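Shown below: final-v1.txt, with compact mmCIF, N, CA and C atoms.
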```
# COMPACT_ATOMS: atom_id res chain seq x y z
N MET A 1 -37.10 -40.12 -16.65
CA MET A 1 -36.68 -38.74 -16.84
C MET A 1 -35.55 -38.38 -15.88
N SER A 2 -35.68 -38.84 -14.63
CA SER A 2 -34.65 -38.50 -13.66
C SER A 2 -33.33 -39.20 -13.98
N ASP A 3 -33.38 -40.40 -14.63
CA ASP A 3 -32.16 -41.09 -15.03
C ASP A 3 -31.42 -40.28 -16.10
N GLN A 4 -32.19 -39.67 -17.01
CA GLN A 4 -31.58 -38.85 -18.05
C GLN A 4 -30.92 -37.61 -17.45
N VAL A 5 -31.56 -37.02 -16.46
CA VAL A 5 -31.02 -35.82 -15.81
C VAL A 5 -29.75 -36.18 -15.05
N GLU A 6 -29.78 -37.32 -14.37
CA GLU A 6 -28.59 -37.74 -13.63
C GLU A 6 -27.43 -38.03 -14.59
N GLY A 7 -27.74 -38.69 -15.73
CA GLY A 7 -26.70 -38.98 -16.73
C GLY A 7 -26.13 -37.70 -17.30
N LEU A 8 -26.98 -36.72 -17.55
CA LEU A 8 -26.54 -35.44 -18.07
C LEU A 8 -25.68 -34.72 -17.04
N GLY A 9 -26.07 -34.81 -15.77
CA GLY A 9 -25.29 -34.19 -14.70
C GLY A 9 -23.90 -34.79 -14.59
N ARG A 10 -23.80 -36.13 -14.72
CA ARG A 10 -22.50 -36.80 -14.67
C ARG A 10 -21.63 -36.38 -15.85
N MET A 11 -22.23 -36.24 -17.03
CA MET A 11 -21.46 -35.83 -18.21
C MET A 11 -20.91 -34.41 -18.02
N VAL A 12 -21.72 -33.53 -17.47
CA VAL A 12 -21.27 -32.16 -17.22
C VAL A 12 -20.13 -32.15 -16.20
N ASP A 13 -20.25 -32.95 -15.15
CA ASP A 13 -19.19 -33.04 -14.15
C ASP A 13 -17.88 -33.53 -14.76
N GLU A 14 -17.96 -34.54 -15.65
CA GLU A 14 -16.76 -35.07 -16.29
C GLU A 14 -16.10 -34.02 -17.18
N VAL A 15 -16.89 -33.30 -17.93
CA VAL A 15 -16.34 -32.26 -18.82
C VAL A 15 -15.67 -31.16 -17.99
N LEU A 16 -16.31 -30.76 -16.91
CA LEU A 16 -15.73 -29.72 -16.06
C LEU A 16 -14.44 -30.21 -15.40
N ALA A 17 -14.39 -31.47 -15.00
CA ALA A 17 -13.18 -32.01 -14.39
C ALA A 17 -12.04 -32.04 -15.40
N GLU A 18 -12.32 -32.41 -16.65
CA GLU A 18 -11.30 -32.42 -17.69
C GLU A 18 -10.79 -31.01 -17.97
N THR A 19 -11.68 -30.05 -18.01
CA THR A 19 -11.31 -28.66 -18.27
C THR A 19 -10.42 -28.13 -17.15
N ASP A 20 -10.76 -28.43 -15.90
CA ASP A 20 -9.95 -27.99 -14.76
C ASP A 20 -8.56 -28.61 -14.81
N ALA A 21 -8.48 -29.89 -15.22
CA ALA A 21 -7.19 -30.56 -15.30
C ALA A 21 -6.31 -29.95 -16.38
N ARG A 22 -6.92 -29.53 -17.50
CA ARG A 22 -6.13 -28.91 -18.58
C ARG A 22 -5.66 -27.52 -18.21
N LEU A 23 -6.48 -26.79 -17.46
CA LEU A 23 -6.13 -25.41 -17.13
C LEU A 23 -5.16 -25.30 -15.96
N ALA A 24 -5.09 -26.31 -15.12
CA ALA A 24 -4.20 -26.27 -13.96
C ALA A 24 -2.75 -26.43 -14.41
N PRO A 25 -1.82 -25.62 -13.90
CA PRO A 25 -0.41 -25.76 -14.30
C PRO A 25 0.18 -27.04 -13.75
N ALA A 26 1.19 -27.57 -14.47
CA ALA A 26 1.83 -28.81 -14.06
C ALA A 26 2.54 -28.63 -12.72
N SER A 27 3.20 -27.51 -12.54
CA SER A 27 3.84 -27.21 -11.26
C SER A 27 3.55 -25.76 -10.90
N THR A 28 3.57 -25.49 -9.66
CA THR A 28 3.29 -24.14 -9.21
C THR A 28 4.49 -23.25 -9.53
N PRO A 29 4.31 -22.19 -10.33
CA PRO A 29 5.45 -21.34 -10.67
C PRO A 29 5.88 -20.50 -9.46
N ARG A 30 7.14 -20.17 -9.44
CA ARG A 30 7.65 -19.31 -8.37
C ARG A 30 7.20 -17.89 -8.65
N THR A 31 6.68 -17.24 -7.65
CA THR A 31 6.19 -15.88 -7.83
C THR A 31 6.98 -14.94 -6.94
N ILE A 32 7.07 -13.72 -7.37
CA ILE A 32 7.73 -12.68 -6.60
C ILE A 32 6.74 -12.15 -5.59
N SER A 33 7.20 -11.92 -4.39
CA SER A 33 6.33 -11.41 -3.34
C SER A 33 5.80 -10.04 -3.74
N THR A 34 4.52 -9.83 -3.51
CA THR A 34 3.92 -8.54 -3.83
C THR A 34 3.81 -7.66 -2.60
N GLU A 35 4.49 -8.00 -1.53
CA GLU A 35 4.44 -7.19 -0.32
C GLU A 35 5.07 -5.83 -0.60
N GLY A 36 4.37 -4.78 -0.25
CA GLY A 36 4.86 -3.44 -0.49
C GLY A 36 4.41 -2.87 -1.82
N TYR A 37 3.68 -3.66 -2.62
CA TYR A 37 3.22 -3.18 -3.91
C TYR A 37 1.71 -3.21 -3.99
N GLU A 38 1.02 -2.93 -2.90
CA GLU A 38 -0.44 -3.01 -2.88
C GLU A 38 -1.07 -1.97 -3.80
N GLY A 39 -0.38 -0.89 -4.08
CA GLY A 39 -0.99 0.18 -4.87
C GLY A 39 -0.84 0.02 -6.36
N THR A 40 -0.24 -1.06 -6.84
CA THR A 40 0.01 -1.19 -8.26
C THR A 40 -1.26 -1.22 -9.09
N ALA A 41 -2.36 -1.71 -8.55
CA ALA A 41 -3.60 -1.78 -9.33
C ALA A 41 -4.21 -0.41 -9.52
N THR A 42 -3.85 0.54 -8.68
CA THR A 42 -4.44 1.87 -8.77
C THR A 42 -3.47 2.91 -9.29
N GLY A 43 -2.42 2.50 -9.99
CA GLY A 43 -1.56 3.49 -10.61
C GLY A 43 -0.11 3.39 -10.20
N GLY A 44 0.31 2.38 -9.51
CA GLY A 44 1.71 2.21 -9.18
C GLY A 44 1.99 2.49 -7.72
N GLY A 45 2.59 1.51 -7.06
CA GLY A 45 2.89 1.65 -5.64
C GLY A 45 3.90 2.73 -5.36
N ALA A 46 4.93 2.86 -6.22
CA ALA A 46 5.96 3.86 -6.00
C ALA A 46 5.39 5.28 -6.10
N ARG A 47 4.51 5.48 -7.05
CA ARG A 47 3.92 6.81 -7.23
C ARG A 47 3.04 7.18 -6.04
N ILE A 48 2.26 6.21 -5.55
CA ILE A 48 1.40 6.47 -4.39
C ILE A 48 2.24 6.81 -3.16
N CYS A 49 3.34 6.07 -2.97
CA CYS A 49 4.23 6.35 -1.84
C CYS A 49 4.85 7.73 -1.96
N TYR A 50 5.28 8.10 -3.16
CA TYR A 50 5.87 9.41 -3.38
C TYR A 50 4.87 10.52 -3.05
N TYR A 51 3.65 10.37 -3.56
CA TYR A 51 2.63 11.38 -3.29
C TYR A 51 2.25 11.43 -1.81
N ALA A 52 2.26 10.28 -1.15
CA ALA A 52 1.94 10.25 0.28
C ALA A 52 2.97 11.03 1.08
N VAL A 53 4.25 10.87 0.75
CA VAL A 53 5.30 11.63 1.44
C VAL A 53 5.18 13.11 1.13
N GLU A 54 4.92 13.44 -0.13
CA GLU A 54 4.72 14.85 -0.50
C GLU A 54 3.56 15.47 0.30
N ASP A 55 2.46 14.74 0.37
CA ASP A 55 1.27 15.26 1.06
C ASP A 55 1.53 15.44 2.55
N ILE A 56 2.16 14.47 3.19
CA ILE A 56 2.36 14.55 4.63
C ILE A 56 3.35 15.67 4.96
N CYS A 57 4.34 15.89 4.10
CA CYS A 57 5.26 17.00 4.32
C CYS A 57 4.54 18.34 4.18
N TRP A 58 3.58 18.43 3.25
CA TRP A 58 2.83 19.67 3.09
C TRP A 58 1.88 19.87 4.27
N ILE A 59 1.22 18.80 4.71
CA ILE A 59 0.27 18.92 5.82
C ILE A 59 0.97 19.32 7.11
N TYR A 60 2.16 18.75 7.36
CA TYR A 60 2.90 19.04 8.60
C TYR A 60 4.04 20.01 8.37
N GLN A 61 3.87 20.95 7.46
CA GLN A 61 4.92 21.94 7.23
C GLN A 61 5.07 22.90 8.40
N ASP A 62 4.01 23.06 9.22
CA ASP A 62 4.13 23.92 10.40
C ASP A 62 5.02 23.29 11.46
N ARG A 63 5.22 21.98 11.40
CA ARG A 63 6.13 21.30 12.34
C ARG A 63 7.50 21.05 11.71
N SER A 64 7.72 21.57 10.51
CA SER A 64 9.00 21.43 9.79
C SER A 64 9.39 19.96 9.62
N LEU A 65 8.46 19.17 9.18
CA LEU A 65 8.70 17.74 9.03
C LEU A 65 9.82 17.47 8.02
N ALA A 66 9.73 18.04 6.84
CA ALA A 66 10.74 17.78 5.81
C ALA A 66 12.12 18.29 6.23
N GLU A 67 12.17 19.46 6.85
CA GLU A 67 13.45 20.02 7.28
C GLU A 67 14.09 19.16 8.37
N ASN A 68 13.27 18.68 9.31
CA ASN A 68 13.79 17.81 10.35
C ASN A 68 14.33 16.51 9.77
N LEU A 69 13.62 15.95 8.79
CA LEU A 69 14.09 14.71 8.17
C LEU A 69 15.38 14.93 7.39
N ARG A 70 15.55 16.10 6.78
CA ARG A 70 16.78 16.37 6.06
C ARG A 70 17.95 16.64 7.00
N ARG A 71 17.69 17.39 8.06
CA ARG A 71 18.76 17.82 8.95
C ARG A 71 19.20 16.73 9.92
N TYR A 72 18.27 16.00 10.49
CA TYR A 72 18.56 14.99 11.50
C TYR A 72 18.26 13.61 10.94
N GLY A 73 18.54 12.61 11.70
CA GLY A 73 18.14 11.26 11.34
C GLY A 73 16.64 11.11 11.53
N TRP A 74 16.11 10.00 11.06
CA TRP A 74 14.66 9.82 11.14
C TRP A 74 14.18 9.70 12.58
N ARG A 75 15.01 9.15 13.49
CA ARG A 75 14.59 9.02 14.88
C ARG A 75 14.45 10.39 15.55
N GLN A 76 15.46 11.24 15.35
CA GLN A 76 15.42 12.58 15.95
C GLN A 76 14.32 13.42 15.32
N ALA A 77 14.11 13.26 14.02
CA ALA A 77 13.03 13.99 13.35
C ALA A 77 11.67 13.58 13.91
N ARG A 78 11.49 12.28 14.14
CA ARG A 78 10.23 11.80 14.71
C ARG A 78 10.03 12.38 16.11
N ARG A 79 11.09 12.40 16.92
CA ARG A 79 10.98 12.99 18.26
C ARG A 79 10.61 14.46 18.19
N ASN A 80 11.26 15.19 17.30
CA ASN A 80 10.99 16.63 17.19
C ASN A 80 9.56 16.91 16.76
N VAL A 81 9.05 16.12 15.82
CA VAL A 81 7.70 16.35 15.31
C VAL A 81 6.66 15.98 16.37
N ILE A 82 6.86 14.85 17.04
CA ILE A 82 5.89 14.41 18.04
C ILE A 82 5.95 15.30 19.28
N ARG A 83 7.11 15.84 19.60
CA ARG A 83 7.27 16.72 20.76
C ARG A 83 6.42 17.99 20.64
N GLN A 84 6.10 18.41 19.44
CA GLN A 84 5.36 19.65 19.23
C GLN A 84 3.86 19.50 19.47
N GLY A 85 3.42 18.32 19.81
CA GLY A 85 2.00 18.11 20.12
C GLY A 85 1.50 16.80 19.56
N PRO A 86 0.30 16.42 19.95
CA PRO A 86 -0.23 15.14 19.47
C PRO A 86 -0.48 15.17 17.96
N LEU A 87 -0.31 14.01 17.34
CA LEU A 87 -0.56 13.89 15.91
C LEU A 87 -2.06 13.73 15.66
N SER A 88 -2.52 14.26 14.57
CA SER A 88 -3.94 14.15 14.23
C SER A 88 -4.27 12.71 13.84
N LYS A 89 -5.38 12.20 14.36
CA LYS A 89 -5.81 10.84 14.02
C LYS A 89 -6.72 10.84 12.81
N GLU A 90 -7.02 12.01 12.28
CA GLU A 90 -7.93 12.11 11.14
C GLU A 90 -7.18 11.87 9.84
N TRP A 91 -7.88 11.27 8.89
CA TRP A 91 -7.33 11.08 7.55
C TRP A 91 -7.45 12.40 6.80
N THR A 92 -6.37 12.82 6.16
CA THR A 92 -6.36 14.09 5.44
C THR A 92 -5.93 13.83 4.01
N SER A 93 -6.62 14.46 3.07
CA SER A 93 -6.30 14.31 1.66
C SER A 93 -5.85 15.66 1.13
N HIS A 94 -4.79 15.65 0.35
CA HIS A 94 -4.27 16.87 -0.24
C HIS A 94 -4.33 16.74 -1.75
N ARG A 95 -4.95 17.69 -2.41
CA ARG A 95 -5.10 17.71 -3.87
C ARG A 95 -5.86 16.50 -4.41
N GLY A 96 -6.79 15.97 -3.63
CA GLY A 96 -7.62 14.88 -4.10
C GLY A 96 -6.93 13.53 -4.19
N ARG A 97 -5.76 13.41 -3.58
CA ARG A 97 -5.03 12.14 -3.62
C ARG A 97 -5.53 11.23 -2.51
N SER A 98 -4.84 10.10 -2.34
CA SER A 98 -5.22 9.14 -1.31
C SER A 98 -5.10 9.77 0.07
N PRO A 99 -6.04 9.50 0.97
CA PRO A 99 -5.97 10.05 2.33
C PRO A 99 -4.76 9.50 3.09
N VAL A 100 -4.11 10.38 3.85
CA VAL A 100 -2.92 10.01 4.63
C VAL A 100 -3.06 10.50 6.05
N ARG A 101 -2.29 9.90 6.95
CA ARG A 101 -2.17 10.41 8.31
C ARG A 101 -0.81 9.99 8.86
N LEU A 102 -0.27 10.83 9.74
CA LEU A 102 1.03 10.58 10.34
C LEU A 102 0.83 9.93 11.70
N THR A 103 1.54 8.84 11.96
CA THR A 103 1.45 8.13 13.23
C THR A 103 2.86 7.91 13.77
N ARG A 104 2.95 7.31 14.93
CA ARG A 104 4.26 6.97 15.50
C ARG A 104 5.02 5.97 14.63
N LYS A 105 4.29 5.14 13.91
CA LYS A 105 4.92 4.14 13.04
C LYS A 105 5.38 4.73 11.72
N GLY A 106 4.74 5.79 11.27
CA GLY A 106 5.09 6.41 10.00
C GLY A 106 3.86 7.00 9.34
N VAL A 107 3.86 7.02 8.02
CA VAL A 107 2.73 7.55 7.27
C VAL A 107 1.83 6.39 6.87
N GLU A 108 0.56 6.50 7.19
CA GLU A 108 -0.43 5.51 6.76
C GLU A 108 -1.17 6.09 5.56
N VAL A 109 -1.27 5.29 4.51
CA VAL A 109 -1.96 5.68 3.28
C VAL A 109 -3.17 4.77 3.13
N LYS A 110 -4.34 5.36 2.96
CA LYS A 110 -5.57 4.57 2.79
C LYS A 110 -5.75 4.31 1.29
N LEU A 111 -5.66 3.01 0.93
CA LEU A 111 -5.84 2.59 -0.45
C LEU A 111 -7.12 1.79 -0.58
N ALA A 112 -7.50 1.48 -1.80
CA ALA A 112 -8.72 0.71 -2.02
C ALA A 112 -8.61 -0.68 -1.40
N GLY A 113 -7.40 -1.26 -1.40
CA GLY A 113 -7.20 -2.60 -0.87
C GLY A 113 -6.89 -2.65 0.61
N GLY A 114 -6.77 -1.53 1.27
CA GLY A 114 -6.44 -1.50 2.69
C GLY A 114 -5.53 -0.32 3.01
N ILE A 115 -4.86 -0.43 4.13
CA ILE A 115 -3.99 0.64 4.60
C ILE A 115 -2.55 0.19 4.47
N GLN A 116 -1.72 1.05 3.86
CA GLN A 116 -0.29 0.78 3.73
C GLN A 116 0.48 1.76 4.60
N THR A 117 1.46 1.26 5.34
CA THR A 117 2.24 2.10 6.24
C THR A 117 3.65 2.26 5.68
N LEU A 118 4.11 3.51 5.60
CA LEU A 118 5.49 3.81 5.21
C LEU A 118 6.24 4.19 6.47
N SER A 119 7.35 3.53 6.73
CA SER A 119 8.11 3.78 7.95
C SER A 119 8.78 5.15 7.89
N TRP A 120 9.21 5.63 9.05
CA TRP A 120 9.91 6.92 9.11
C TRP A 120 11.21 6.87 8.32
N LYS A 121 11.87 5.73 8.33
CA LYS A 121 13.12 5.57 7.59
C LYS A 121 12.86 5.73 6.09
N ARG A 122 11.77 5.16 5.60
CA ARG A 122 11.44 5.30 4.18
C ARG A 122 11.02 6.73 3.85
N ILE A 123 10.33 7.38 4.78
CA ILE A 123 9.96 8.78 4.55
C ILE A 123 11.22 9.62 4.40
N GLN A 124 12.20 9.39 5.30
CA GLN A 124 13.44 10.16 5.23
C GLN A 124 14.18 9.90 3.91
N SER A 125 14.22 8.66 3.47
CA SER A 125 14.93 8.37 2.22
C SER A 125 14.24 9.04 1.03
N GLN A 126 12.92 9.11 1.05
CA GLN A 126 12.22 9.76 -0.05
C GLN A 126 12.39 11.28 -0.01
N VAL A 127 12.41 11.84 1.19
CA VAL A 127 12.60 13.29 1.30
C VAL A 127 14.00 13.66 0.86
N SER A 128 15.00 12.89 1.25
CA SER A 128 16.38 13.21 0.83
C SER A 128 16.57 12.97 -0.67
N ALA A 129 15.92 11.96 -1.23
CA ALA A 129 16.03 11.72 -2.67
C ALA A 129 15.32 12.80 -3.47
N ARG A 130 14.28 13.35 -2.90
CA ARG A 130 13.53 14.41 -3.59
C ARG A 130 14.37 15.65 -3.76
N ARG A 131 15.24 15.94 -2.80
CA ARG A 131 16.05 17.16 -2.84
C ARG A 131 17.37 17.00 -3.57
N SER A 132 17.80 15.78 -3.82
CA SER A 132 19.13 15.61 -4.43
C SER A 132 19.08 15.62 -5.93
```

Do you think you could lay out the structure here as structure tokens?
Amino acid sequence: MSDQVEGLGRMVDEVLAETDARLAPASTPRTISTEGYEGTATGGGARICYYAVEDICWIYQDRSLAENLRRYGWRQARRNVIRQGPLSKEWTSHRGRSPVRLTRKGVEVKLAGGIQTLSWKRIQSQVSARRS
């Protein structure tokens, strides 16, 4: 009985090995880097970034974040915003969107796959594009 089981096990292993060989590609295809597109599974990375900038500008409207980014460069805007007091370390959600927080590095967005950081330079480019 055990010889039959062993023979059956070998046959299953051979079939699985043949199936794996057929399904494996002949060469590894070149893929485009997905860095910066972590949000695509949840509705599009660009849309999440746009909403994150919108939300952080609304949350920090008392510090004139959007106006500083439009008027000055991103470095001076960051200095002006941070000079007005410490940044909140708490995650804040506006209109039920992804939670965001402003840090020295930029805007951090909490996604299902992890945390994505948008630099101050990218925040400024999105704010200026929004108004043009």

(message) What does the structure give for the distance between atom C of Val81 in chain A and CA of Gly96 in chain A, in Å to one decimal?
(response) 25.0 Å

(message) Under the rule that only C-alpha atoms are counted, which of A:Ser2, A:Gln116, A:Ser128, A:Ser93 is the nearest residue to Arg71 in chain A?
(response)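 Looking at the shortest contact to Arg71 in chain A, the residue is A:Ser128.
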
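Considering the residues A:Val53, A:Ala17, A:Met11, A:Ile48 and counting only C-alpha atoms, Ala129 in chain A has its shortest atom-to-atom contact with A:Val53.
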
(message) Report, in Å to a single decimal, how far apart CA of Glu54 in chain A and CA of Leu111 in chain A are.
(response)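 Spanning CA of Leu111 in chain A to CA of Glu54 in chain A is a straight-line distance of 16.2 Å.
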
(message) Neighbouring residues of Arg97 in chain A were defined as those with any atom within 8 Å, considering all atoms listed in the file; residues of the same chain fewer than 3 positions away were excluded. Please report them as a list in words.
(response) Tyr51, Ala52, Thr92, Ser93, His94, Val100 and Lys110 of chain A

(message) Please compute the CA of Glu67 in chain A-CA of Gly45 in chain A distance, one decimal, in Å.
(response)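 CA of Gly45 in chain A lies 24.8 Å from CA of Glu67 in chain A.
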
(message) Taking all atoms listed in the file into account, name the residue in A:Leu8, A:Ile123, A:Cys49, A:Leu87 that is nearest to Trp74 in chain A.
(response) A:Ile123

(request) Rank nothing, just name the residue among A:Val127, A:Gly85, A:Glu14, A:Arg75 nearest to Lys105 in chain A, using only C-alpha atoms. (result) A:Arg75

(request) Return the single residue from A:Asn68, A:Ile115, A:Ile56, A:Gly73 that is closest to Leu102 in chain A, with distances computed using only N, CA and C atoms. (result) A:Ile56
